[in-house]
Amino acid sequence: MTWSEMQPLLSQACWDTLYMVGWSTLIAVVVGLPLGVLLVLTDRGGLLQNAVVNKVIGQIVNIVRSMPFLILMVALMGFTRWIVGTTIGREAAIVPLAIGAIPFFARLVETSVREVDGGLVEAVQSMGGNTWTVVRKVLVPESLPSLISATTTTIIAIIGYSAMAGTVGAGGLGDLAIRYGYQRFEAELMWIIVAILAVVIALIQFAGDSGARVLHRRSGKGGEPIRFRAFAGLLPGVATAEATPAKTR
């Protein structure tokens, strides 16, 4: 197979993979973020402590996470057909990709949020802040660098899932590698796809690590610490006074 024959196939496959990964990541973040925060809030000692809710959500997350993606994809075929009307193609692949990624991302969010200093939560509560205020001004902002890293890890995992989805005709680079690289013995095309995936993953990892480092520096020595911004909506005068270093005479 010549390069002129490979190029249109690779272009379409790259676009299909980007489409599937982009939408799946968006859904995973939108659903997984509140789910992960809820796991922390309803846990023992949490602001919304509720053992029943925490156990139910935790078990659902664990069950979905324990399933190999190929089995999950087959098990969800009926649900996928009900949602998008088909089980083949990139739109159909988004459903199992998102469902598989949501619990994965939720657990990463839970780990990130648990690392937040409990003293900040108590400080906001002592100033009259409710649960929503604690989540919006402390838990999410303080854990943002870790959440960026969690999102990066999730995107890379979804790329791997999307390659496996190619085995059932989902499209994308995985489908191209199987149909042409494996079934038609086009070894050159196979190695090109491997190289593309390696470069894409490396770029995503670099971007995620860079973003996390920038946010970490801004929440530390550079600029106004996140912990002071958390109180801005409650006691602006006190927050400003604490966040502004004293001038030397």
# chains A, B, ... in the order shown; residues from 1 in each chain; ligands from 1
>>> residues_around(residues="Ala101 in chain A", least_positions_apart="3", cutoff="10 Å", atoms="only C-alpha atoms", output="MDAnalysis selection string")
chainID A and resid 24:25 27:29 31:32 64:65 69 96:98 104:106 154:155 157:158 161
>>> select_by_dssp(residues="range 59-134 of chain A", states="alpha helix (DSSP H)", output="ChimeraX atom specification")
/A:59-66,69-75,77-84,90-114,118-126,131-134
>>> write_last_selection(atoms="C-alpha atoms", output="JSON list (two decimals), in the first residue's frame")
[["chain", "number", "residue", "atom", "x", "y", "z"],
["A", 59, "GLN", "CA", -20.21, -0.62, 44.52],
["A", 60, "ILE", "CA", -21.56, 0.58, 41.17],
["A", 61, "VAL", "CA", -18.24, 2.28, 40.44],
["A", 62, "ASN", "CA", -16.29, -0.82, 41.43],
["A", 63, "ILE", "CA", -18.43, -3.16, 39.32],
["A", 64, "VAL", "CA", -18.09, -1.07, 36.16],
["A", 65, "ARG", "CA", -14.35, -0.57, 36.73],
["A", 66, "SER", "CA", -13.80, -4.30, 37.19],
["A", 69, "PHE", "CA", -13.70, -2.97, 28.27],
["A", 70, "LEU", "CA", -14.51, -5.47, 25.51],
["A", 71, "ILE", "CA", -16.96, -7.29, 27.80],
["A", 72, "LEU", "CA", -18.49, -3.98, 28.90],
["A", 73, "MET", "CA", -18.89, -2.91, 25.29],
["A", 74, "VAL", "CA", -20.70, -6.14, 24.38],
["A", 75, "ALA", "CA", -22.86, -5.99, 27.51],
["A", 77, "MET", "CA", -24.92, -3.17, 23.04],
["A", 78, "GLY", "CA", -28.64, -3.11, 23.81],
["A", 79, "PHE", "CA", -28.33, 0.16, 25.71],
["A", 80, "THR", "CA", -26.13, 1.62, 22.96],
["A", 81, "ARG", "CA", -28.67, 0.72, 20.28],
["A", 82, "TRP", "CA", -31.40, 2.34, 22.39],
["A", 83, "ILE", "CA", -29.37, 5.55, 22.75],
["A", 84, "VAL", "CA", -27.97, 6.06, 19.23],
["A", 90, "ARG", "CA", -17.99, 6.19, 16.20],
["A", 91, "GLU", "CA", -21.25, 7.52, 17.68],
["A", 92, "ALA", "CA", -22.07, 4.08, 19.03],
["A", 93, "ALA", "CA", -18.58, 3.70, 20.49],
["A", 94, "ILE", "CA", -18.97, 6.89, 22.56],
["A", 95, "VAL", "CA", -21.57, 5.23, 24.81],
["A", 96, "PRO", "CA", -19.41, 2.38, 26.20],
["A", 97, "LEU", "CA", -16.30, 4.58, 26.13],
["A", 98, "ALA", "CA", -17.97, 7.19, 28.33],
["A", 99, "ILE", "CA", -19.57, 4.65, 30.66],
["A", 100, "GLY", "CA", -16.25, 2.86, 31.06],
["A", 101, "ALA", "CA", -14.38, 6.11, 31.73],
["A", 102, "ILE", "CA", -16.82, 7.68, 34.22],
["A", 103, "PRO", "CA", -16.03, 5.39, 37.20],
["A", 104, "PHE", "CA", -12.33, 5.46, 36.32],
["A", 105, "PHE", "CA", -12.28, 9.26, 36.46],
["A", 106, "ALA", "CA", -14.55, 9.35, 39.52],
["A", 107, "ARG", "CA", -12.06, 7.32, 41.57],
["A", 108, "LEU", "CA", -9.22, 9.62, 40.49],
["A", 109, "VAL", "CA", -11.32, 12.63, 41.51],
["A", 110, "GLU", "CA", -12.04, 11.01, 44.87],
["A", 111, "THR", "CA", -8.32, 10.50, 45.49],
["A", 112, "SER", "CA", -7.54, 14.09, 44.51],
["A", 113, "VAL", "CA", -10.24, 15.65, 46.67],
["A", 114, "ARG", "CA", -9.23, 13.59, 49.73],
["A", 118, "GLY", "CA", -9.27, 19.53, 56.15],
["A", 119, "GLY", "CA", -8.38, 22.73, 57.98],
["A", 120, "LEU", "CA", -9.49, 24.79, 54.99],
["A", 121, "VAL", "CA", -12.86, 23.04, 54.98],
["A", 122, "GLU", "CA", -13.33, 23.72, 58.68],
["A", 123, "ALA", "CA", -12.34, 27.37, 58.20],
["A", 124, "VAL", "CA", -14.95, 27.91, 55.50],
["A", 125, "GLN", "CA", -17.60, 26.17, 57.59],
["A", 126, "SER", "CA", -16.74, 28.34, 60.61],
["A", 131, "THR", "CA", -21.54, 22.37, 51.52],
["A", 132, "TRP", "CA", -21.81, 23.92, 48.05],
["A", 133, "THR", "CA", -19.50, 26.75, 49.11],
["A", 134, "VAL", "CA", -16.94, 24.26, 50.44]]
>>> residues_around(residues="Asp209 in chain A", least_positions_apart="3", cutoff="10 Å", atoms="only C-alpha atoms", output="ChimeraX atom specification")
/A:145-146,148-149,152,203-206,212-214
>>> atom_distance(atom1="CA of Cys14 in chain A", atom2="CA of Ile193 in chain A")
9.3 Å
>>> residues_around(residues="Ile192 in chain A", least_positions_apart="3", cutoff="12 Å", atoms="only C-alpha atoms", output="ChimeraX atom specification")
/A:3,6-7,9-10,14,173-174,176-177,180-181,186-189,195-199
>>> write_last_selection(atoms="C-alpha atoms", output="PDB file, in the first residue's frame")
ATOM      1  CA  TRP A   3       1.450   6.552   1.056  1.00  0.00           C
ATOM      2  CA  MET A   6      -2.701   5.365   3.302  1.00  0.00           C
ATOM      3  CA  GLN A   7      -3.120   9.117   3.778  1.00  0.00           C
ATOM      4  CA  LEU A   9      -7.429   6.303   5.547  1.00  0.00           C
ATOM      5  CA  LEU A  10      -5.181   7.685   8.280  1.00  0.00           C
ATOM      6  CA  CYS A  14      -7.438  10.103  13.228  1.00  0.00           C
ATOM      7  CA  LEU A 173      -7.115   4.079  14.412  1.00  0.00           C
ATOM      8  CA  GLY A 174      -7.816   0.784  16.162  1.00  0.00           C
ATOM      9  CA  LEU A 176      -7.817   0.699  10.745  1.00  0.00           C
ATOM     10  CA  ALA A 177      -4.996  -1.228  12.393  1.00  0.00           C
ATOM     11  CA  TYR A 180      -5.602  -3.276   7.209  1.00  0.00           C
ATOM     12  CA  GLY A 181      -2.600  -3.787   9.443  1.00  0.00           C
ATOM     13  CA  GLU A 186      -0.036  -4.229   5.963  1.00  0.00           C
ATOM     14  CA  ALA A 187       2.778  -4.124   8.508  1.00  0.00           C
ATOM     15  CA  GLU A 188       3.943  -0.684   7.412  1.00  0.00           C
ATOM     16  CA  LEU A 189       0.512   0.823   8.059  1.00  0.00           C
ATOM     17  CA  ALA A 195       3.792   5.756  15.946  1.00  0.00           C
ATOM     18  CA  ILE A 196       0.820   8.126  15.669  1.00  0.00           C
ATOM     19  CA  LEU A 197      -0.692   6.823  18.908  1.00  0.00           C
ATOM     20  CA  ALA A 198       2.666   7.085  20.691  1.00  0.00           C
ATOM     21  CA  VAL A 199       3.127  10.704  19.587  1.00  0.00           C
TER      22      VAL A 199
END
>>> atom_distance(atom1="CA of Phe185 in chain A", atom2="CA of Ser162 in chain A")
21.4 Å
>>> atom_distance(atom1="CA of Gln183 in chain A", atom2="CA of Trp23 in chain A")
28.8 Å
>>> closest_residue(among="A:Val168, A:Met127, A:Val30, A:Ile178", to="Ile88 in chain A", atoms="only C-alpha atoms")
A:Val168
